[in-house]
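See below for protein_36.pdb, which holds PDB, C-alpha atoms and all ligand atoms.
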```
ATOM      1  CA  MET W  10       0.000   0.000   0.000  1.00  0.00           C
ATOM      2  CA  LYS W  11       1.263   3.481  -0.887  1.00  0.00           C
ATOM      3  CA  HIS W  12       2.397   5.646   2.007  1.00  0.00           C
ATOM      4  CA  TRP W  13      -0.172   8.354   1.425  1.00  0.00           C
ATOM      5  CA  ILE W  14      -2.997   5.801   1.332  1.00  0.00           C
ATOM      6  CA  ALA W  15      -1.791   4.298   4.598  1.00  0.00           C
ATOM      7  CA  ASP W  16      -1.666   7.795   6.139  1.00  0.00           C
ATOM      8  CA  CYS W  17      -5.131   8.567   4.837  1.00  0.00           C
ATOM      9  CA  LEU W  18      -6.454   5.297   6.255  1.00  0.00           C
ATOM     10  CA  ARG W  19      -4.887   5.981   9.649  1.00  0.00           C
ATOM     11  CA  PHE W  20      -6.449   9.447   9.714  1.00  0.00           C
ATOM     12  CA  GLY W  21      -9.806   8.021   8.622  1.00  0.00           C
ATOM     13  CA  LYS W  22      -9.750   5.443  11.403  1.00  0.00           C
ATOM     14  CA  ALA W  23      -9.071   8.142  13.968  1.00  0.00           C
ATOM     15  CA  LYS W  24     -11.803  10.407  12.656  1.00  0.00           C
ATOM     16  CA  GLY W  25     -14.379   7.726  11.831  1.00  0.00           C
ATOM     17  CA  PHE W  26     -15.132   9.081   8.363  1.00  0.00           C
ATOM     18  CA  LEU W  27     -13.496  11.322   5.752  1.00  0.00           C
ATOM     19  CA  THR W  28     -14.521  14.049   3.354  1.00  0.00           C
ATOM     20  CA  TYR W  29     -13.223  14.151  -0.211  1.00  0.00           C
ATOM     21  CA  THR W  30     -11.240  17.208   0.841  1.00  0.00           C
ATOM     22  CA  ASP W  31      -9.456  15.068   3.436  1.00  0.00           C
ATOM     23  CA  VAL W  32      -8.593  12.432   0.844  1.00  0.00           C
ATOM     24  CA  ASN W  33      -7.315  15.077  -1.573  1.00  0.00           C
ATOM     25  CA  ARG W  34      -5.167  16.586   1.114  1.00  0.00           C
ATOM     26  CA  PHE W  35      -3.302  13.294   1.492  1.00  0.00           C
ATOM     27  CA  ALA W  36      -3.225  12.655  -2.249  1.00  0.00           C
ATOM     28  CA  VAL W  37      -1.671  15.963  -3.378  1.00  0.00           C
ATOM     29  CA  GLY W  38       1.548  15.276  -1.480  1.00  0.00           C
ATOM     30  CA  ASN W  39       2.230  12.385  -3.838  1.00  0.00           C
ATOM     31  CA  PRO W  40       4.077  13.464  -7.060  1.00  0.00           C
ATOM     32  CA  GLU W  41       3.221  10.379  -9.116  1.00  0.00           C
ATOM     33  CA  LEU W  42      -0.439  10.347  -8.291  1.00  0.00           C
ATOM     34  CA  SER W  43      -2.792   8.552 -10.687  1.00  0.00           C
ATOM     35  CA  ALA W  44      -6.559   8.203 -10.888  1.00  0.00           C
ATOM     36  CA  GLU W  45      -6.111   4.487 -10.135  1.00  0.00           C
ATOM     37  CA  GLU W  46      -4.418   5.363  -6.864  1.00  0.00           C
ATOM     38  CA  ILE W  47      -7.344   7.531  -5.791  1.00  0.00           C
ATOM     39  CA  ASP W  48      -9.664   4.627  -6.608  1.00  0.00           C
ATOM     40  CA  GLU W  49      -7.420   2.284  -4.679  1.00  0.00           C
ATOM     41  CA  CYS W  50      -7.542   4.608  -1.683  1.00  0.00           C
ATOM     42  CA  LEU W  51     -11.340   4.840  -1.799  1.00  0.00           C
ATOM     43  CA  LEU W  52     -11.535   1.054  -2.039  1.00  0.00           C
ATOM     44  CA  VAL W  53      -9.274   0.601   0.973  1.00  0.00           C
ATOM     45  CA  LEU W  54     -11.397   3.056   2.960  1.00  0.00           C
ATOM     46  CA  GLU W  55     -14.561   1.237   1.922  1.00  0.00           C
ATOM     47  CA  GLU W  56     -13.114  -2.098   3.027  1.00  0.00           C
ATOM     48  CA  GLU W  57     -12.394  -0.541   6.402  1.00  0.00           C
ATOM     49  CA  ASN W  58     -15.933   0.834   6.604  1.00  0.00           C
ATOM     50  CA  ILE W  59     -14.743   4.429   6.561  1.00  0.00           C
ATOM     51  CA  GLU W  60     -17.345   6.511   4.816  1.00  0.00           C
ATOM     52  CA  VAL W  61     -16.157   9.246   2.449  1.00  0.00           C
ATOM     53  CA  THR W  62     -18.639  12.114   2.338  1.00  0.00           C
ATOM     54  CA  SER W  63     -18.962  15.287   0.314  1.00  0.00           C
ATOM     55  CA  GLU W  64     -20.284  17.185   3.293  1.00  0.00           C
ATOM     56  CA  GLU W  65     -19.289  20.619   4.444  1.00  0.00           C
ATOM     57  CA  PRO W  66     -16.495  20.908   6.979  1.00  0.00           C
ATOM     58  CA  ILE W  67     -17.521  19.709  10.383  1.00  0.00           C
ATOM     59  CA  GLN W  68     -17.037  21.483  13.676  1.00  0.00           C
ATOM     60  CA  GLN W  69     -15.083  19.830  16.436  1.00  0.00           C
ATOM     61  CA  LEU W  70     -16.400  19.801  19.944  1.00  0.00           C
ATOM     62  CA  ASP W  71     -14.518  21.524  22.667  1.00  0.00           C
ATOM     63  CA  MET W  72     -12.145  18.803  23.872  1.00  0.00           C
ATOM     64  CA  THR W  73     -11.793  20.115  27.426  1.00  0.00           C
ATOM     65  CA  LYS W  74     -14.242  17.569  28.810  1.00  0.00           C
ATOM     66  CA  GLY W  75     -12.727  14.725  26.867  1.00  0.00           C
ATOM     67  CA  SER W  76     -15.691  14.657  24.525  1.00  0.00           C
ATOM     68  CA  ARG W  77     -14.897  13.676  20.973  1.00  0.00           C
ATOM     69  CA  GLU W  78     -18.262  13.997  19.290  1.00  0.00           C
ATOM     70  CA  ILE W  79     -18.347  15.639  15.896  1.00  0.00           C
ATOM     71  CA  TYR W  80     -21.163  17.859  14.692  1.00  0.00           C
ATOM     72  CA  HIS W  81     -23.128  16.294  11.857  1.00  0.00           C
ATOM     73  CA  LYS W  82     -24.690  18.928   9.616  1.00  0.00           C
ATOM     74  CA  PHE W  83     -27.481  17.657   7.401  1.00  0.00           C
ATOM     75  CA  PRO W  84     -27.350  18.463   3.669  1.00  0.00           C
ATOM     76  CA  ILE W  85     -29.347  21.552   2.683  1.00  0.00           C
ATOM     77  CA  ASP W  86     -31.509  19.701   0.143  1.00  0.00           C
ATOM     78  CA  LEU W  87     -32.600  17.224   2.801  1.00  0.00           C
ATOM     79  CA  ILE W  88     -33.698  20.072   5.087  1.00  0.00           C
ATOM     80  CA  GLU W  89     -35.492  21.853   2.238  1.00  0.00           C
ATOM     81  CA  GLY W  90     -37.373  18.663   1.420  1.00  0.00           C
ATOM     82  CA  TRP W  91     -38.326  18.184   5.053  1.00  0.00           C
ATOM     83  CA  LYS W  92     -39.805  21.687   5.259  1.00  0.00           C
ATOM     84  CA  GLY W  93     -42.223  20.810   2.461  1.00  0.00           C
ATOM     85  CA  TYR W  94     -43.167  17.525   4.106  1.00  0.00           C
ATOM     86  CA  PRO W  95     -46.498  17.565   5.997  1.00  0.00           C
ATOM     87  CA  VAL W  96     -45.420  15.741   9.187  1.00  0.00           C
ATOM     88  CA  ARG W  97     -45.053  18.110  12.176  1.00  0.00           C
ATOM     89  CA  LEU W  98     -43.549  17.505  15.589  1.00  0.00           C
ATOM     90  CA  LEU W  99     -45.860  18.267  18.491  1.00  0.00           C
ATOM     91  CA  GLY W 100     -44.572  20.434  21.307  1.00  0.00           C
ATOM     92  CA  PRO W 101     -44.797  19.201  24.905  1.00  0.00           C
ATOM     93  CA  ARG W 102     -47.897  21.193  25.947  1.00  0.00           C
ATOM     94  CA  MET W 103     -50.915  23.143  24.730  1.00  0.00           C
ATOM     95  CA  SER W 104     -50.458  26.865  24.090  1.00  0.00           C
ATOM     96  CA  GLU W 105     -51.482  29.265  26.853  1.00  0.00           C
ATOM     97  CA  CYS W 106     -52.866  31.771  24.333  1.00  0.00           C
ATOM     98  CA  HIS W 107     -55.297  29.470  22.505  1.00  0.00           C
ATOM     99  CA  GLY W 108     -55.228  26.137  24.287  1.00  0.00           C
ATOM    100  CA  GLU W 109     -54.178  24.588  20.976  1.00  0.00           C
ATOM    101  CA  PRO W 110     -51.344  22.115  20.305  1.00  0.00           C
ATOM    102  CA  THR W 111     -47.872  23.596  19.906  1.00  0.00           C
ATOM    103  CA  LEU W 112     -45.450  22.670  17.118  1.00  0.00           C
ATOM    104  CA  LEU W 113     -41.680  22.405  17.379  1.00  0.00           C
ATOM    105  CA  VAL W 114     -39.935  24.846  15.057  1.00  0.00           C
ATOM    106  CA  GLN W 115     -36.618  26.596  14.513  1.00  0.00           C
ATOM    107  CA  SER W 116     -36.820  30.077  16.007  1.00  0.00           C
ATOM    108  CA  MET W 117     -34.441  31.349  13.323  1.00  0.00           C
ATOM    109  CA  PRO W 118     -31.914  29.678  11.011  1.00  0.00           C
ATOM    110  CA  GLY W 119     -29.288  28.089  13.197  1.00  0.00           C
ATOM    111  CA  GLY W 120     -31.229  29.248  16.209  1.00  0.00           C
ATOM    112  CA  PHE W 121     -32.977  27.659  19.115  1.00  0.00           C
ATOM    113  CA  VAL W 122     -36.010  25.400  19.218  1.00  0.00           C
ATOM    114  CA  THR W 123     -39.362  26.855  20.220  1.00  0.00           C
ATOM    115  CA  ALA W 124     -42.827  25.332  20.602  1.00  0.00           C
ATOM    116  CA  ASN W 125     -45.188  27.651  18.737  1.00  0.00           C
ATOM    117  CA  CYS W 126     -48.960  27.879  19.159  1.00  0.00           C
ATOM    118  CA  SER W 127     -50.454  26.162  16.115  1.00  0.00           C
ATOM    119  CA  ALA W 128     -53.248  28.752  16.036  1.00  0.00           C
ATOM    120  CA  CYS W 129     -51.285  32.018  16.178  1.00  0.00           C
ATOM    121  CA  GLY W 130     -47.583  31.147  16.102  1.00  0.00           C
ATOM    122  CA  LYS W 131     -46.772  32.572  19.545  1.00  0.00           C
ATOM    123  CA  LYS W 132     -43.401  31.221  20.636  1.00  0.00           C
ATOM    124  CA  TYR W 133     -42.977  29.212  23.823  1.00  0.00           C
ATOM    125  CA  THR W 134     -39.612  28.174  25.169  1.00  0.00           C
ATOM    126  CA  LEU W 135     -38.844  24.474  25.153  1.00  0.00           C
ATOM    127  CA  LYS W 136     -37.546  23.718  28.635  1.00  0.00           C
ATOM    128  CA  GLU W 137     -34.816  21.160  29.108  1.00  0.00           C
ATOM    129  CA  HIS W 138     -36.978  18.614  30.957  1.00  0.00           C
ATOM    130  CA  GLU W 139     -39.597  18.983  28.205  1.00  0.00           C
ATOM    131  CA  PHE W 140     -36.972  18.411  25.544  1.00  0.00           C
ATOM    132  CA  ARG W 141     -35.764  15.271  27.294  1.00  0.00           C
ATOM    133  CA  ARG W 142     -39.298  13.882  27.454  1.00  0.00           C
ATOM    134  CA  LEU W 143     -40.072  14.428  23.760  1.00  0.00           C
ATOM    135  CA  GLN W 144     -41.089  11.166  22.157  1.00  0.00           C
ATOM    136  CA  LEU W 145     -38.697  11.412  19.237  1.00  0.00           C
ATOM    137  CA  TRP W 146     -36.576   8.730  17.666  1.00  0.00           C
ATOM    138  CA  ILE W 147     -33.597  10.448  16.070  1.00  0.00           C
ATOM    139  CA  SER W 148     -31.601   7.997  13.969  1.00  0.00           C
ATOM    140  CA  CYS W 149     -27.850   8.315  13.909  1.00  0.00           C
ATOM    141  CA  PRO W 150     -26.936   9.405  10.351  1.00  0.00           C
ATOM    142  CA  ARG W 151     -24.176   6.817  10.312  1.00  0.00           C
ATOM    143  CA  CYS W 152     -25.271   3.695  12.227  1.00  0.00           C
ATOM    144  CA  LYS W 153     -29.066   4.357  12.253  1.00  0.00           C
ATOM    145  CA  ARG W 154     -29.339   3.543  15.960  1.00  0.00           C
ATOM    146  CA  GLN W 155     -31.413   5.779  18.226  1.00  0.00           C
ATOM    147  CA  MET W 156     -29.430   8.771  19.449  1.00  0.00           C
ATOM    148  CA  SER W 157     -29.636  10.073  23.021  1.00  0.00           C
ATOM    149  CA  PRO W 158     -30.997  13.536  23.841  1.00  0.00           C
ATOM    150  CA  ASP W 159     -28.376  15.916  25.172  1.00  0.00           C
ATOM    151  CA  ARG W 160     -28.128  19.581  25.972  1.00  0.00           C
ATOM    152  CA  LEU W 161     -25.040  20.549  24.072  1.00  0.00           C
ATOM    153  CA  SER W 162     -23.907  23.419  26.245  1.00  0.00           C
ATOM    154  CA  ARG W 163     -20.305  22.317  26.149  1.00  0.00           C
ATOM    155  CA  ILE W 164     -19.803  22.881  22.434  1.00  0.00           C
ATOM    156  CA  ASN W 165     -18.706  26.063  20.719  1.00  0.00           C
ATOM    157  CA  SER W 166     -20.569  29.287  21.432  1.00  0.00           C
ATOM    158  CA  GLN W 167     -22.679  29.061  18.276  1.00  0.00           C
ATOM    159  CA  ALA W 168     -24.522  25.986  19.501  1.00  0.00           C
ATOM    160  CA  SER W 169     -24.119  26.695  23.174  1.00  0.00           C
ATOM    161  CA  GLY W 170     -27.029  25.478  25.238  1.00  0.00           C
ATOM    162  CA  ASN W 171     -28.770  24.110  22.202  1.00  0.00           C
ATOM    163  CA  TYR W 172     -30.598  20.795  22.262  1.00  0.00           C
ATOM    164  CA  GLY W 173     -29.207  17.909  20.311  1.00  0.00           C
ATOM    165  CA  TYR W 174     -28.834  14.161  20.026  1.00  0.00           C
ATOM    166  CA  VAL W 175     -25.662  12.173  20.431  1.00  0.00           C
ATOM    167  CA  CYS W 176     -24.509   8.783  19.171  1.00  0.00           C
ATOM    168  CA  SER W 177     -21.744   7.736  21.536  1.00  0.00           C
ATOM    169  CA  LYS W 178     -20.776   4.825  19.302  1.00  0.00           C
ATOM    170  CA  CYS W 179     -20.159   6.959  16.197  1.00  0.00           C
ATOM    171  CA  GLN W 180     -19.165   9.977  18.305  1.00  0.00           C
ATOM    172  CA  ILE W 181     -21.316  12.399  16.396  1.00  0.00           C
ATOM    173  CA  TYR W 182     -24.142  14.699  17.362  1.00  0.00           C
ATOM    174  CA  VAL W 183     -26.950  16.481  15.557  1.00  0.00           C
ATOM    175  CA  LEU W 184     -28.812  19.602  16.623  1.00  0.00           C
ATOM    176  CA  LEU W 185     -32.586  19.376  17.030  1.00  0.00           C
ATOM    177  CA  THR W 186     -32.980  22.816  15.455  1.00  0.00           C
ATOM    178  CA  ASP W 187     -31.359  21.537  12.235  1.00  0.00           C
ATOM    179  CA  LEU W 188     -34.143  18.967  11.956  1.00  0.00           C
ATOM    180  CA  LEU W 189     -37.024  21.408  12.291  1.00  0.00           C
ATOM    181  CA  PRO W 190     -38.821  23.693   9.848  1.00  0.00           C
ATOM    182  CA  ARG W 191     -39.161  27.378  10.616  1.00  0.00           C
ATOM    183  CA  TRP W 192     -42.600  28.701  11.521  1.00  0.00           C
ATOM    184  CA  GLU W 193     -42.682  30.601   8.190  1.00  0.00           C
ATOM    185  CA  ASP W 194     -42.182  27.300   6.364  1.00  0.00           C
ATOM    186  CA  ILE W 195     -45.277  25.637   7.773  1.00  0.00           C
ATOM    187  CA  VAL W 196     -47.959  28.357   7.670  1.00  0.00           C
TER     188      VAL W 196
HETATM  189 ZN    ZN C   1     -52.043  31.206  20.175  1.00  0.00          ZN
HETATM  190 ZN    ZN C   2     -24.151   6.016  15.306  1.00  0.00          ZN
END
```
Whole structure given in structure tokens:
Amino acid sequence: MKHWIADCLRFGKAKGFLTYTDVNRFAVGNPELSAEEIDECLLVLEEENIEVTSEEPIQQLDMTKGSREIYHKFPIDLIEGWKGYPVRLLGPRMSECHGEPTLLVQSMPGGFVTANCSACGKKYTLKEHEFRRLQLWISCPRCKRQMSPDRLSRINSQASGNYGYVCSKCQIYVLLTDLLPRWEDIV
């Protein structure tokens, strides 16, 4: 096996998956690179069950607590499709304004989760104990097992305090807000 492929494989094993950018980064150091070698590398990675994705760069968690989970961002087209889909997620309680069911939505792009009155759209905060009791099965994007709810306050400031789901086996997490439509998308 070529050195750069071995290096790429080692890096992939440590990270759990690779992007095409990662693979290219290892490949460009090799002066006699051929298309066959790239194929060979991808084959080796496949044999080792290391997925190569075309996704956007991922954000690392703050390592201070020894956590190694990696943020999984869903592809834009998947989210756009979901917004047009008629299934809605019920909030944990009826609205105080109308006594109607609430719906879980994104308060703003990349923002927090709110439970809005289905009659008028008034926003209600989703409290942590309510979040943890939501009857949602979030599948890990990699292994498809059920992920565990977690308040991701330890990650970078952008997602600080946001609600998410973690797969400890694959060491990745997703944000609940990424999975929700905005109120404007559903009215
Ligand atoms: Zn209302
Ligand atoms: Zn998983």
Notebook entry, point to check: What residues come out when you apply the PyMOL selection byres (((chain W and resi 144) around 12) and not hetatm) to this file, written as a ChimeraX atom specification?
Noted result: /W:98-101,139-143,145-147,155,157-158
Listing only residues of chain W within 12 Å of ligand ZN 2 (chain C), what is the closest atom pair and its distance in Å (to one decimal) for each, using only C-alpha atoms and all ligand atoms, sorted by chain and residue number ascending, as a Markdown table?
```
| residue | atom | partner | partner_atom | distance |
| --- | --- | --- | --- | --- |
| W:Gly25 | CA | C:ZN2 | ZN | 10.5 |
| W:Phe26 | CA | C:ZN2 | ZN | 11.8 |
| W:Glu78 | CA | C:ZN2 | ZN | 10.7 |
| W:Ile79 | CA | C:ZN2 | ZN | 11.3 |
| W:His81 | CA | C:ZN2 | ZN | 10.9 |
| W:Ile147 | CA | C:ZN2 | ZN | 10.5 |
| W:Ser148 | CA | C:ZN2 | ZN | 7.8 |
| W:Cys149 | CA | C:ZN2 | ZN | 4.6 |
| W:Pro150 | CA | C:ZN2 | ZN | 6.6 |
| W:Arg151 | CA | C:ZN2 | ZN | 5.1 |
| W:Cys152 | CA | C:ZN2 | ZN | 4.0 |
| W:Lys153 | CA | C:ZN2 | ZN | 6.0 |
| W:Arg154 | CA | C:ZN2 | ZN | 5.8 |
| W:Gln155 | CA | C:ZN2 | ZN | 7.8 |
| W:Met156 | CA | C:ZN2 | ZN | 7.3 |
| W:Ser157 | CA | C:ZN2 | ZN | 10.3 |
| W:Tyr174 | CA | C:ZN2 | ZN | 10.5 |
| W:Val175 | CA | C:ZN2 | ZN | 8.2 |
| W:Cys176 | CA | C:ZN2 | ZN | 4.8 |
| W:Ser177 | CA | C:ZN2 | ZN | 6.9 |
| W:Lys178 | CA | C:ZN2 | ZN | 5.4 |
| W:Cys179 | CA | C:ZN2 | ZN | 4.2 |
| W:Gln180 | CA | C:ZN2 | ZN | 7.0 |
| W:Ile181 | CA | C:ZN2 | ZN | 7.1 |
| W:Tyr182 | CA | C:ZN2 | ZN | 8.9 |
| W:Val183 | CA | C:ZN2 | ZN | 10.8 |
```
Margin query: Give me, as a list of chain:residue names, the set of residues whose atoms come within 12 Å of any atom of ligand ZN 1 (chain C), counting all atoms listed in the file.
Written below: W:Met103, W:Ser104, W:Glu105, W:Cys106, W:His107, W:Gly108, W:Glu109, W:Pro110, W:Thr111, W:Leu112, W:Ala124, W:Asn125, W:Cys126, W:Ser127, W:Ala128, W:Cys129, W:Gly130, W:Lys131, W:Lys132, W:Tyr133
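Nearest to Val61 in chain W of all the residues W:His138, W:Lys92, W:Lys82, W:Lys24 is W:Lys24, based on only C-alpha atoms.
Atom pair CA of Leu184 in chain W / CA of Glu60 in chain W: separated by 21.0 Å.
When CA of Leu87 in chain W is paired with CA of Asn58 in chain W, their separation reads 23.7 Å.
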Kindly resolve the PyMOL selection byres (((chain W and resi 187) around 8) and not hetatm) on the present coordinates and return the residues as a compact mmCIF listing (two decimals) with C-alpha atoms, keeping the file's coordinate frame.
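File out_1.txt, as written:
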```txt
# COMPACT_ATOMS: atom_id res chain seq x y z
CA LYS W 82 -24.69 18.93 9.62
CA PHE W 83 -27.48 17.66 7.40
CA ILE W 88 -33.70 20.07 5.09
CA GLN W 115 -36.62 26.60 14.51
CA GLY W 119 -29.29 28.09 13.20
CA VAL W 183 -26.95 16.48 15.56
CA LEU W 184 -28.81 19.60 16.62
CA LEU W 185 -32.59 19.38 17.03
CA THR W 186 -32.98 22.82 15.46
CA LEU W 188 -34.14 18.97 11.96
CA LEU W 189 -37.02 21.41 12.29
```
Note to self: Residues within 12 Å of Phe35 in chain W, please, as a ChimeraX atom specification. Count all atoms listed in the file; anything in the same chain fewer than 4 positions from it doesn't count.
What the structure shows: /W:11-21,27-31,39-40,42,46-47,50
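The coordinates place CA of Ile59 in chain W at 23.6 Å from CA of Asp86 in chain W.
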Item checked: From W:Glu89, W:Asn171, W:Lys22, W:Glu41, residue lying nearest Glu57 in chain W [all atoms listed in the file] -> W:Lys22
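Between Asp194 in chain W and the candidates W:Pro95, W:Ile85, W:Thr62, W:Leu54, the tightest atom-to-atom separation, counting all atoms listed in the file, involves W:Pro95.
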First collect every listed atom of range 15-21 of chain W; then fit an axis-aligned box around them, widen it by 3 Å on each side, and give centre and edge lengths in Å to one decimal, as AutoDock Vina command-line options.
```
--center_x -5.7 --center_y 6.9 --center_z 7.2 --size_x 14.1 --size_y 11.1 --size_z 11.1
```
